[in-house]
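K.L.:
Quick one, run.cif (mmCIF, C-alpha atoms):
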```
data_coords
loop_
_atom_site.label_atom_id
_atom_site.label_comp_id
_atom_site.auth_asym_id
_atom_site.auth_seq_id
_atom_site.Cartn_x
_atom_site.Cartn_y
_atom_site.Cartn_z
CA MET A 1 69.15 20.46 51.95
CA LYS A 2 67.93 19.83 48.46
CA ASP A 3 64.70 17.92 48.04
CA ILE A 4 65.70 15.20 45.60
CA LYS A 5 62.18 13.76 45.37
CA ASN A 6 61.15 16.57 43.03
CA THR A 7 64.35 16.60 41.03
CA HIS A 8 63.58 15.36 37.54
CA ILE A 9 66.55 13.71 35.95
CA THR A 10 66.15 12.56 32.36
CA THR A 11 68.66 10.04 31.12
CA PRO A 12 69.68 10.85 27.57
CA LYS A 13 68.42 8.40 24.97
CA ARG A 14 71.14 6.24 23.48
CA VAL A 15 71.48 6.25 19.73
CA VAL A 16 73.49 3.93 17.51
CA ILE A 17 74.16 4.94 13.92
CA ALA A 18 75.10 2.06 11.65
CA SER A 19 76.52 2.98 8.29
CA ALA A 20 79.52 2.00 6.22
CA ASN A 21 79.41 5.45 4.62
CA PRO A 22 81.33 7.89 6.86
CA LEU A 23 79.89 11.02 5.21
CA PHE A 24 76.36 9.79 5.81
CA ALA A 25 77.02 8.60 9.36
CA ARG A 26 78.81 11.75 10.46
CA GLY A 27 76.28 13.93 8.69
CA LEU A 28 73.41 12.26 10.57
CA ARG A 29 75.32 12.54 13.82
CA LYS A 30 75.95 16.23 13.26
CA VAL A 31 72.44 17.21 12.18
CA TYR A 32 70.46 15.15 14.65
CA GLY A 33 73.00 15.45 17.45
CA ASP A 34 72.55 19.22 17.27
CA SER A 35 68.80 18.86 17.04
CA TRP A 36 68.43 16.48 19.96
CA GLY A 37 70.78 18.37 22.24
CA GLU A 38 70.87 16.81 25.70
CA LYS A 39 67.90 14.58 25.03
CA ALA A 40 70.04 12.00 23.28
CA VAL A 41 73.59 10.93 22.77
CA VAL A 42 75.08 9.01 19.87
CA VAL A 43 76.87 6.23 21.70
CA SER A 44 78.27 4.46 18.65
CA VAL A 45 78.82 4.93 14.94
CA SER A 46 79.21 1.40 13.62
CA THR A 47 80.67 0.76 10.20
CA SER A 48 80.29 -3.00 9.87
CA MET A 49 77.78 -5.72 10.73
CA GLU A 50 79.97 -7.02 13.56
CA GLU A 51 80.23 -3.55 15.07
CA VAL A 52 76.47 -3.01 14.84
CA LEU A 53 75.64 -6.29 16.57
CA SER A 54 78.23 -5.59 19.23
CA ALA A 55 76.88 -2.05 19.79
CA LEU A 56 73.34 -3.41 20.24
CA LYS A 57 74.55 -5.75 22.99
CA VAL A 58 76.83 -3.27 24.71
CA TYR A 59 74.74 -0.10 24.60
CA LYS A 60 71.16 -1.42 24.40
CA PRO A 61 70.24 1.72 22.44
CA ASP A 62 66.86 3.43 22.37
CA LEU A 63 67.21 4.20 18.69
CA VAL A 64 69.20 2.61 15.90
CA ILE A 65 69.57 4.27 12.51
CA VAL A 66 70.67 1.65 10.02
CA ASP A 67 72.00 2.51 6.57
CA HIS A 68 71.98 -0.92 4.95
CA ASP A 69 74.23 -1.13 1.94
CA ASP A 70 74.09 -4.93 1.71
CA ARG A 71 77.86 -5.02 1.48
CA LYS A 72 79.10 -4.23 4.96
CA ILE A 73 75.73 -3.88 6.66
CA ASN A 74 73.09 -6.32 5.51
CA ARG A 75 69.44 -5.47 6.04
CA GLU A 76 68.24 -9.03 6.56
CA THR A 77 71.03 -9.91 8.98
CA PHE A 78 70.27 -6.82 11.03
CA LEU A 79 66.53 -7.49 11.05
CA ASN A 80 67.04 -11.11 12.11
CA SER A 81 69.15 -9.93 15.01
CA PHE A 82 66.66 -7.19 15.84
CA VAL A 83 63.72 -9.59 15.90
CA ALA A 84 65.64 -12.05 18.06
CA SER A 85 66.49 -9.33 20.56
CA ASP A 86 64.09 -8.36 23.35
CA THR A 87 65.58 -4.91 23.97
CA PRO A 88 62.96 -2.21 23.44
CA MET A 89 64.25 0.14 20.77
CA ARG A 90 63.24 2.03 17.71
CA VAL A 91 64.82 1.42 14.37
CA VAL A 92 65.08 3.54 11.27
CA LEU A 93 66.02 1.55 8.18
CA VAL A 94 67.39 3.68 5.41
CA SER A 95 69.71 3.08 2.49
CA LEU A 96 72.05 5.51 0.85
CA GLY A 97 71.43 3.59 -2.35
CA GLU A 98 67.68 4.26 -2.35
CA VAL A 99 65.85 7.47 -1.56
CA GLU A 100 62.63 5.69 -0.62
CA PRO A 101 61.35 4.11 1.50
CA VAL A 102 62.65 4.91 4.95
CA VAL A 103 61.29 2.15 7.20
CA ILE A 104 60.64 2.71 10.87
CA TYR A 105 60.66 -0.04 13.47
CA ASP A 106 56.90 -0.54 13.63
CA ARG A 107 56.80 -1.11 9.87
CA ARG A 108 55.35 2.29 9.07
CA GLN A 109 56.82 3.63 5.86
CA LEU A 110 57.63 7.32 5.68
CA THR A 111 58.96 9.54 2.99
CA SER A 112 62.46 10.89 3.52
CA LYS A 113 61.01 14.29 4.42
CA GLN A 114 58.65 12.73 7.00
CA ALA A 115 61.56 10.77 8.43
CA VAL A 116 63.56 13.97 8.76
CA ASP A 117 60.75 15.56 10.77
CA TRP A 118 60.27 12.43 12.87
CA LEU A 119 63.95 12.26 13.71
CA ILE A 120 63.91 15.77 15.14
CA ASP A 121 62.06 14.38 18.15
CA PRO A 122 61.59 10.60 17.91
CA TRP A 123 60.47 10.28 21.55
CA GLY A 124 58.01 13.14 21.59
CA VAL A 125 59.71 14.53 24.70
CA MET B 1 91.19 34.58 7.59
CA SER B 2 90.62 33.30 4.05
CA THR B 3 87.25 33.36 2.35
CA PRO B 4 85.43 30.05 2.74
CA ILE B 5 84.76 27.91 -0.31
CA ARG B 6 81.10 28.31 -1.16
CA ILE B 7 79.35 25.03 -1.88
CA VAL B 8 75.97 23.93 -3.22
CA VAL B 9 74.92 20.34 -2.43
CA VAL B 10 72.66 18.63 -4.98
CA ASP B 11 71.21 15.29 -3.95
CA ASP B 12 67.72 13.81 -3.88
CA HIS B 13 68.52 11.77 -0.76
CA ILE B 14 67.31 14.30 1.77
CA LEU B 15 68.90 12.64 4.81
CA PHE B 16 72.29 12.47 3.10
CA ARG B 17 71.98 16.00 1.72
CA GLN B 18 71.05 17.57 5.04
CA GLY B 19 73.75 15.60 6.82
CA LEU B 20 76.35 16.74 4.33
CA VAL B 21 75.26 20.35 4.60
CA GLY B 22 75.50 20.04 8.41
CA LEU B 23 78.92 18.46 8.16
CA LEU B 24 80.22 21.15 5.81
CA SER B 25 78.97 23.82 8.18
CA GLU B 26 81.29 22.62 10.93
CA MET B 27 84.33 22.27 8.70
CA ASP B 28 86.82 25.11 8.51
CA GLY B 29 87.05 26.78 5.14
CA PHE B 30 83.71 25.65 3.74
CA GLU B 31 80.29 27.19 3.57
CA ALA B 32 77.19 25.39 2.31
CA VAL B 33 75.32 28.18 0.54
CA GLY B 34 72.52 26.14 -0.97
CA GLN B 35 71.03 22.76 -1.67
CA ALA B 36 68.77 21.16 -4.25
CA GLY B 37 67.02 17.83 -4.77
CA ASN B 38 67.43 17.52 -8.54
CA GLY B 39 69.23 19.03 -11.49
CA LYS B 40 66.46 21.42 -12.38
CA GLU B 41 66.36 22.97 -8.92
CA ALA B 42 70.15 22.92 -8.84
CA LEU B 43 70.48 25.24 -11.82
CA ILE B 44 68.26 27.83 -10.12
CA VAL B 45 70.21 27.63 -6.85
CA ILE B 46 73.57 27.77 -8.65
CA LYS B 47 72.54 30.84 -10.64
CA GLU B 48 71.35 32.54 -7.45
CA GLN B 49 74.24 31.61 -5.17
CA LYS B 50 77.15 31.54 -7.62
CA PRO B 51 79.05 28.91 -5.59
CA ASP B 52 82.68 27.91 -6.06
CA VAL B 53 81.88 24.21 -6.03
CA VAL B 54 78.83 22.05 -6.69
CA LEU B 55 78.64 18.60 -5.12
CA LEU B 56 76.42 16.79 -7.59
CA ASP B 57 74.75 13.40 -7.25
CA VAL B 58 74.26 11.37 -10.43
CA ASN B 59 70.95 9.57 -9.96
CA MET B 60 68.15 12.03 -9.32
CA PRO B 61 64.57 12.52 -10.52
CA GLU B 62 63.50 14.98 -13.24
CA VAL B 63 66.96 16.17 -14.28
CA ASP B 64 69.77 13.88 -13.12
CA GLY B 65 73.34 14.89 -12.33
CA LEU B 66 74.63 14.36 -15.86
CA GLY B 67 71.75 16.43 -17.22
CA ALA B 68 72.53 19.12 -14.66
CA LEU B 69 76.18 19.10 -15.71
CA LYS B 70 75.09 19.72 -19.30
CA LEU B 71 72.77 22.55 -18.22
CA ILE B 72 75.58 24.16 -16.19
CA ASN B 73 77.91 24.04 -19.20
CA GLU B 74 75.28 25.32 -21.61
CA ALA B 75 74.52 28.22 -19.28
CA GLY B 76 78.23 29.09 -19.27
CA ILE B 77 78.38 29.04 -15.48
CA GLU B 78 81.91 29.00 -14.13
CA VAL B 79 81.82 26.57 -11.25
CA LYS B 80 83.76 23.50 -10.24
CA VAL B 81 81.61 20.40 -10.34
CA LEU B 82 82.43 17.42 -8.20
CA MET B 83 80.23 14.38 -8.78
CA LEU B 84 79.43 12.76 -5.41
CA THR B 85 77.61 9.55 -6.04
CA ILE B 86 77.07 5.95 -5.14
CA SER B 87 77.21 4.99 -8.81
CA GLU B 88 80.25 3.04 -9.92
CA LYS B 89 78.73 2.47 -13.36
CA GLU B 90 81.23 2.91 -16.15
CA GLN B 91 78.78 4.84 -18.32
CA ASP B 92 78.11 7.37 -15.54
CA LEU B 93 81.81 7.84 -14.92
CA VAL B 94 82.63 8.27 -18.61
CA ALA B 95 79.68 10.60 -19.18
CA ALA B 96 80.65 12.74 -16.18
CA ILE B 97 84.27 13.08 -17.28
CA ALA B 98 83.27 13.75 -20.89
CA GLY B 99 80.66 16.21 -19.65
CA GLY B 100 83.32 18.28 -17.93
CA ALA B 101 83.07 17.24 -14.28
CA ASP B 102 86.13 18.23 -12.27
CA GLY B 103 85.99 15.17 -10.09
CA TYR B 104 84.14 11.92 -9.43
CA LEU B 105 83.91 10.83 -5.84
CA LEU B 106 82.01 7.95 -4.26
CA LYS B 107 79.79 8.62 -1.27
CA ASN B 108 81.73 6.16 0.88
CA THR B 109 84.48 8.77 1.06
CA GLU B 110 85.79 9.90 4.44
CA PRO B 111 84.91 13.51 5.35
CA ASP B 112 88.59 14.49 5.44
CA ALA B 113 89.09 13.09 1.96
CA LEU B 114 86.09 15.08 0.73
CA CYS B 115 87.61 18.28 2.14
CA LYS B 116 90.92 17.55 0.45
CA THR B 117 89.18 16.77 -2.83
CA ILE B 118 87.21 20.01 -2.75
CA ASN B 119 90.42 21.95 -2.18
CA ASP B 120 92.15 20.04 -4.98
CA VAL B 121 89.32 20.79 -7.37
CA ILE B 122 89.42 24.48 -6.43
CA GLU B 123 93.13 24.48 -7.27
CA GLY B 124 92.29 23.24 -10.74
CA ASN B 125 93.03 19.56 -10.32
CA SER B 126 90.81 16.75 -11.50
CA VAL B 127 90.12 14.12 -8.87
CA LEU B 128 88.77 10.58 -8.85
CA SER B 129 87.94 8.19 -6.01
CA PRO B 130 90.63 5.52 -5.66
CA GLU B 131 88.12 2.80 -6.59
CA ILE B 132 87.19 4.76 -9.70
CA THR B 133 90.83 5.38 -10.63
CA THR B 134 91.28 1.63 -10.93
CA GLN B 135 88.23 1.48 -13.15
CA VAL B 136 89.55 4.27 -15.38
CA PHE B 137 92.87 2.46 -15.79
CA GLN B 138 91.03 -0.72 -16.73
CA LEU B 139 88.92 1.25 -19.18
CA LEU B 140 91.95 2.81 -20.83
CA ARG B 141 93.76 -0.52 -21.05
CA ARG B 142 90.71 -2.15 -22.59
CA ASP B 143 90.31 0.66 -25.11
CA SER B 144 93.99 0.47 -26.03
CA VAL B 145 93.45 -3.20 -26.91
CA SER B 146 90.19 -2.54 -28.72
CA PRO B 147 90.33 1.12 -29.70
CA SER B 148 87.25 3.23 -30.23
CA ASN B 149 88.69 4.37 -33.53
CA SER B 150 88.28 0.86 -34.97
CA LEU B 151 85.45 2.54 -36.84
CA LEU B 152 88.08 3.92 -39.20
CA SER B 153 90.91 2.15 -41.00
CA GLU B 154 94.54 3.03 -40.31
CA ARG B 155 94.74 4.80 -43.64
CA GLU B 156 91.65 6.86 -42.87
CA ILE B 157 93.16 7.89 -39.54
CA GLU B 158 96.31 8.98 -41.39
CA VAL B 159 94.19 11.08 -43.74
CA LEU B 160 92.35 12.63 -40.80
CA LYS B 161 95.65 13.47 -39.09
CA CYS B 162 96.79 15.32 -42.22
CA LEU B 163 93.52 17.25 -42.31
CA ALA B 164 93.88 18.03 -38.62
CA HIS B 165 97.28 19.58 -39.41
CA GLY B 166 95.57 21.86 -41.90
CA GLN B 167 96.84 20.11 -45.02
CA THR B 168 94.94 20.37 -48.29
CA THR B 169 93.83 17.38 -50.36
CA SER B 170 96.92 17.68 -52.57
CA GLN B 171 99.31 18.02 -49.62
CA THR B 172 97.70 14.99 -47.98
CA ALA B 173 97.99 13.03 -51.23
CA ASP B 174 101.69 13.95 -51.50
CA GLU B 175 102.44 13.00 -47.92
CA LEU B 176 100.70 9.64 -48.14
CA PHE B 177 101.89 8.90 -51.70
CA ILE B 178 98.36 8.50 -53.06
CA SER B 179 96.30 10.40 -55.62
CA ASP B 180 94.04 13.35 -54.87
CA ASN B 181 91.04 11.26 -55.86
CA THR B 182 92.01 8.54 -53.39
CA VAL B 183 92.25 11.15 -50.63
CA LYS B 184 88.79 12.46 -51.57
CA THR B 185 87.41 8.91 -51.52
CA HIS B 186 88.91 8.33 -48.07
CA ILE B 187 87.36 11.58 -46.82
CA ARG B 188 83.95 10.59 -48.19
CA HIS B 189 84.17 7.23 -46.41
CA ILE B 190 85.34 8.88 -43.18
CA MET B 191 82.41 11.33 -43.17
CA LYS B 192 79.93 8.56 -43.93
CA LYS B 193 81.28 6.28 -41.18
CA MET B 194 81.38 9.09 -38.64
CA GLY B 195 78.02 10.51 -39.64
CA VAL B 196 79.33 14.04 -40.06
CA GLY B 197 78.71 16.62 -42.78
CA ASN B 198 82.16 18.01 -43.50
CA ARG B 199 85.91 17.66 -42.92
CA ALA B 200 86.00 20.09 -40.00
CA GLU B 201 83.35 18.14 -38.13
CA ALA B 202 85.25 14.91 -38.76
CA VAL B 203 88.49 16.38 -37.42
CA ALA B 204 86.72 17.89 -34.41
CA MET B 205 85.00 14.64 -33.53
CA ALA B 206 88.12 12.53 -34.01
CA THR B 207 90.13 14.94 -31.87
CA ARG B 208 87.49 14.92 -29.18
CA GLU B 209 87.40 11.13 -29.14
CA GLY B 210 91.19 10.96 -28.96
CA TRP B 211 91.53 9.06 -32.22
CA LEU B 212 94.31 11.27 -33.55
CA ARG B 213 96.81 10.79 -30.69
#
```
Could I get this file's structure written as structure tokens?
P.N.:
Amino acid sequence: MKDIKNTHITTPKRVVIASANPLFARGLRKVYGDSWGEKAVVVSVSTSMEEVLSALKVYKPDLVIVDHDDRKINRETFLNSFVASDTPMRVVLVSLGEVEPVVIYDRRQLTSKQAVDWLIDPWGV
Amino acid sequence: MSTPIRIVVVDDHILFRQGLVGLLSEMDGFEAVGQAGNGKEALIVIKEQKPDVVLLDVNMPEVDGLGALKLINEAGIEVKVLMLTISEKEQDLVAAIAGGADGYLLKNTEPDALCKTINDVIEGNSVLSPEITTQVFQLLRRDSVSPSNSLLSEREIEVLKCLAHGQTTSQTADELFISDNTVKTHIRHIMKKMGVGNRAEAVAMATREGWLR
């Protein structure tokens, strides 16, 4: 009989990508999905504000990557919702319209290159 | 199995660029052979890799996409250039088309549409995003109401058309029922208004601007 006490099961982190730009969203999903492997799963690619807010409620993600274009996905609306929520999660705020800055949940500002490196292993697993 | 279309991606937005390269790598028929973060780097990569297509952003530091397009043309590099940008600015669109871009696509494009556009461009077609197509139509309609050639009078345009057909001063005078001296005066005014040094330059510029249609 297998000793389940020593069996280490890691639940994959849940990731939501929010972007109204399909090339950007699918590109992120491809690159980081490959990089994360079994450590994380992209549970939703949301293309509008309504979809993002719904995905936050439904999936309670560990990480949300938000491409705010201020047309379909508004930065302030997202942040208001994020602040009001008590779900522990990390957030990367990025905009396809601006190269810099990429803003991480705890208000640290990284360069795009630093964000790329950070996203390879956001949980330090 | 056909040879994949070799692509260089030029964009200063590193997350977008890497994502696009990753996306292209999983699509049948495409191969991302290089990437660059500005126009200056792009020229080096393009010369090294000799791609079939360059996906070129407009707004970039150092040398932007329009500058890169100019450098590519000046270097005589034979490559299809597809602008892939967030910019819907009329001046960027016009400059890209005038600069010889084979297509102008917005970044909100679906991946499948990008694939189709790349294939279209390879086949020699020129392609615009649907949103941009509307803008181009509006631009053409506006220019037809207020033409760019308003710089020149109708008579001066007629004179230029004769010159463009290779007619001499006398032949032009005969065709327009005016004297040789009047033709010469018109030509002087045309060159002054257009800021060119001779008749050939005037004809070339007017042709390029579409004033002689």
K.L.:
Using only C-alpha atoms, which residue out of B:Ser126, B:Thr133, B:Asn108, B:Ser170 lies closest to A:Thr47?
P.N.:
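Selected residue with least distance to A:Thr47: B:Asn108.
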K.L.:
Would you list the contacts of B:Asp92 as a list in words, taking every protein, DNA or RNA residue within 10 Å and counting all atoms listed in the file, but skipping same-chain residues closer than 2 positions in sequence?
P.N.:
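Residues meeting the cut-off are Val58, Asn59, Gly65, Leu66, Met83, Thr85, Ser87, Glu88, Lys89, Glu90, Val94, Ala95, Ala96, Ile97, Ala98 and Tyr104 of chain B.
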K.L.:
Taking a cut-off of 10 Å and counting only C-alpha atoms, can you build a table that, for each residue of chain A near chain B, reports the nearest atom pair and how far apart they are in Å (one decimal), sorted by chain then residue number, as CSV?
P.N.:
```
residue,atom,partner,partner_atom,distance
A:Ser19,CA,B:Asn108,CA,9.6
A:Ala20,CA,B:Asn108,CA,7.1
A:Asn21,CA,B:Asn108,CA,4.5
A:Pro22,CA,B:Glu110,CA,5.5
A:Leu23,CA,B:Pro111,CA,5.6
A:Phe24,CA,B:Phe16,CA,5.6
A:Ala25,CA,B:Gly19,CA,8.1
A:Arg26,CA,B:Leu23,CA,7.1
A:Gly27,CA,B:Gly19,CA,3.6
A:Leu28,CA,B:Gly19,CA,5.0
A:Arg29,CA,B:Gly19,CA,7.8
A:Lys30,CA,B:Gly22,CA,6.2
A:Val31,CA,B:Gly22,CA,5.6
A:Tyr32,CA,B:Gly19,CA,8.5
A:Asp34,CA,B:Gly22,CA,9.4
A:Val94,CA,B:Leu15,CA,9.1
A:Ser95,CA,B:His13,CA,9.4
A:Leu96,CA,B:Phe16,CA,7.3
A:Gly97,CA,B:Ile86,CA,6.7
A:Glu98,CA,B:His13,CA,7.7
A:Val99,CA,B:His13,CA,5.1
A:Glu100,CA,B:His13,CA,8.5
A:Val102,CA,B:Leu15,CA,9.9
A:Thr111,CA,B:Ile14,CA,9.7
A:Ser112,CA,B:Ile14,CA,6.2
A:Lys113,CA,B:Ile14,CA,6.8
A:Ala115,CA,B:Leu15,CA,8.4
A:Val116,CA,B:Leu15,CA,6.8
```
K.L.:
Under the rule that only C-alpha atoms are counted, which of A:Val52, A:Lys60, A:Ser35, A:Leu119 is the nearest residue to A:Leu79?
P.N.:
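Ranking A:Val52, A:Lys60, A:Ser35, A:Leu119 by distance to A:Leu79, first place goes to A:Val52.
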K.L.:
Using the chain letters and numbers from the file, which residues does the PyMOL selection byres ((chain A and resi 61-65) around 8) grab, as a list of chain:residue names?
P.N.:
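When the PyMOL selection byres ((chain A and resi 61-65) around 8) is applied, the selected residues are A:Lys13, A:Arg14, A:Val15, A:Val16, A:Ile17, A:Ala18, A:Leu56, A:Tyr59, A:Lys60, A:Val66, A:Asp67, A:Pro88, A:Met89, A:Arg90, A:Val91, A:Val92, A:Leu93, A:Val94.
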K.L.:
Taking C-alpha atoms for each residue, export the selection above as a PDB file, keeping the file's coordinate frame.
P.N.:
```
ATOM      1  CA  LYS A  13      68.420   8.400  24.970  1.00  0.00           C
ATOM      2  CA  ARG A  14      71.140   6.240  23.480  1.00  0.00           C
ATOM      3  CA  VAL A  15      71.480   6.250  19.730  1.00  0.00           C
ATOM      4  CA  VAL A  16      73.490   3.930  17.510  1.00  0.00           C
ATOM      5  CA  ILE A  17      74.160   4.940  13.920  1.00  0.00           C
ATOM      6  CA  ALA A  18      75.100   2.060  11.650  1.00  0.00           C
ATOM      7  CA  LEU A  56      73.340  -3.410  20.240  1.00  0.00           C
ATOM      8  CA  TYR A  59      74.740  -0.100  24.600  1.00  0.00           C
ATOM      9  CA  LYS A  60      71.160  -1.420  24.400  1.00  0.00           C
ATOM     10  CA  VAL A  66      70.670   1.650  10.020  1.00  0.00           C
ATOM     11  CA  ASP A  67      72.000   2.510   6.570  1.00  0.00           C
ATOM     12  CA  PRO A  88      62.960  -2.210  23.440  1.00  0.00           C
ATOM     13  CA  MET A  89      64.250   0.140  20.770  1.00  0.00           C
ATOM     14  CA  ARG A  90      63.240   2.030  17.710  1.00  0.00           C
ATOM     15  CA  VAL A  91      64.820   1.420  14.370  1.00  0.00           C
ATOM     16  CA  VAL A  92      65.080   3.540  11.270  1.00  0.00           C
ATOM     17  CA  LEU A  93      66.020   1.550   8.180  1.00  0.00           C
ATOM     18  CA  VAL A  94      67.390   3.680   5.410  1.00  0.00           C
TER      19      VAL A  94
END
```
K.L.:
Tell me which of A:Val83, A:Phe78, A:Lys72, A:Thr11 sits closest to A:Glu38, counting only C-alpha atoms.
P.N.:
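Of A:Val83, A:Phe78, A:Lys72, A:Thr11, the one nearest A:Glu38, counting only C-alpha atoms, is A:Thr11.
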K.L.:
Report as number ranges by chain all protein, DNA and RNA residues lying within 10 Å of B:Gly29, evaluated on all atoms listed in the file, omitting residues in the same chain fewer than 5 positions from it.
P.N.:
B: 1-6, 24, 115, 119
K.L.:
Considering all atoms listed in the file, state which residue in the set B:Leu55, B:Leu160, B:Val136, B:Leu43 is at the smallest distance from B:Ile190.
P.N.:
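The closest residue to B:Ile190 is B:Leu160.
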K.L.:
When you draw a straight line from atom CA of B:Met27 to atom CA of A:Gly33, how long is it in Å?
P.N.:
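Result for atom CA of B:Met27 versus atom CA of A:Gly33: 15.9 Å, one decimal.
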K.L.:
Distance atom CA of B:Val79-atom CA of B:Val53, one decimal place?
P.N.:
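Rounded to one decimal, the two atoms are 5.7 Å apart.
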K.L.:
Running the PyMOL selection byres ((chain B and resi 9) around 7) on this model by hand, what would come out? Give it as a list in words.
P.N.:
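Output from the PyMOL selection byres ((chain B and resi 9) around 7), applied to this file: Ile7, Val8, Val10, Asp11, Arg17, Gly34, Gln35, Ala36, Val54, Leu55 and Leu56 of chain B.
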K.L.:
Please expand the PyMOL selection byres ((chain B and resi 186) around 12) into the concrete residues it hits in this file, giving the result as a PyMOL selection string.
P.N.:
chain B and resi 152-160+163+169+172-173+176+178-185+187-193+199+202
K.L.:
Can you spit out the residues from that selection as a CSV table (one decimal), in the coordinates of the input, using C-alpha atoms?
P.N.:
```csv
chain,number,residue,atom,x,y,z
B,152,LEU,CA,88.1,3.9,-39.2
B,153,SER,CA,90.9,2.2,-41.0
B,154,GLU,CA,94.5,3.0,-40.3
B,155,ARG,CA,94.7,4.8,-43.6
B,156,GLU,CA,91.6,6.9,-42.9
B,157,ILE,CA,93.2,7.9,-39.5
B,158,GLU,CA,96.3,9.0,-41.4
B,159,VAL,CA,94.2,11.1,-43.7
B,160,LEU,CA,92.4,12.6,-40.8
B,163,LEU,CA,93.5,17.2,-42.3
B,169,THR,CA,93.8,17.4,-50.4
B,172,THR,CA,97.7,15.0,-48.0
B,173,ALA,CA,98.0,13.0,-51.2
B,176,LEU,CA,100.7,9.6,-48.1
B,178,ILE,CA,98.4,8.5,-53.1
B,179,SER,CA,96.3,10.4,-55.6
B,180,ASP,CA,94.0,13.4,-54.9
B,181,ASN,CA,91.0,11.3,-55.9
B,182,THR,CA,92.0,8.5,-53.4
B,183,VAL,CA,92.2,11.2,-50.6
B,184,LYS,CA,88.8,12.5,-51.6
B,185,THR,CA,87.4,8.9,-51.5
B,187,ILE,CA,87.4,11.6,-46.8
B,188,ARG,CA,84.0,10.6,-48.2
B,189,HIS,CA,84.2,7.2,-46.4
B,190,ILE,CA,85.3,8.9,-43.2
B,191,MET,CA,82.4,11.3,-43.2
B,192,LYS,CA,79.9,8.6,-43.9
B,193,LYS,CA,81.3,6.3,-41.2
B,199,ARG,CA,85.9,17.7,-42.9
B,202,ALA,CA,85.2,14.9,-38.8
```
K.L.:
One decimal, Å: what's the distance from atom CA of B:Asn38 over to atom CA of B:Glu62, could you say?
P.N.:
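For atom CA of B:Asn38 relative to atom CA of B:Glu62, the distance reads 6.6 Å.
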K.L.:
With all atoms listed in the file as the basis for distance, which of B:Leu212, B:Leu139, B:Val127, B:Val45 is at the shortest distance from B:Cys162?
P.N.:
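With all atoms listed in the file as the atom set, the closest residue is B:Leu212.
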K.L.:
Between B:Ala164, B:Val81, B:Ile44, B:Ala68, which residue has the minimum interatomic distance to B:Arg208, considering all atoms listed in the file?
P.N.:
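Looking at the shortest contact to B:Arg208, the residue is B:Ala164.
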K.L.:
Given 3 Å on each side, where is the centre and what are the edge lengths in Å to one decimal of the axis-aligned box enclosing the listed atoms of stretch 12-29 of chain B, as AutoDock Vina command-line options?
P.N.:
```
--center_x 77.2 --center_y 19.3 --center_z 3.5 --size_x 25.7 --size_y 21.0 --size_z 20.8
```
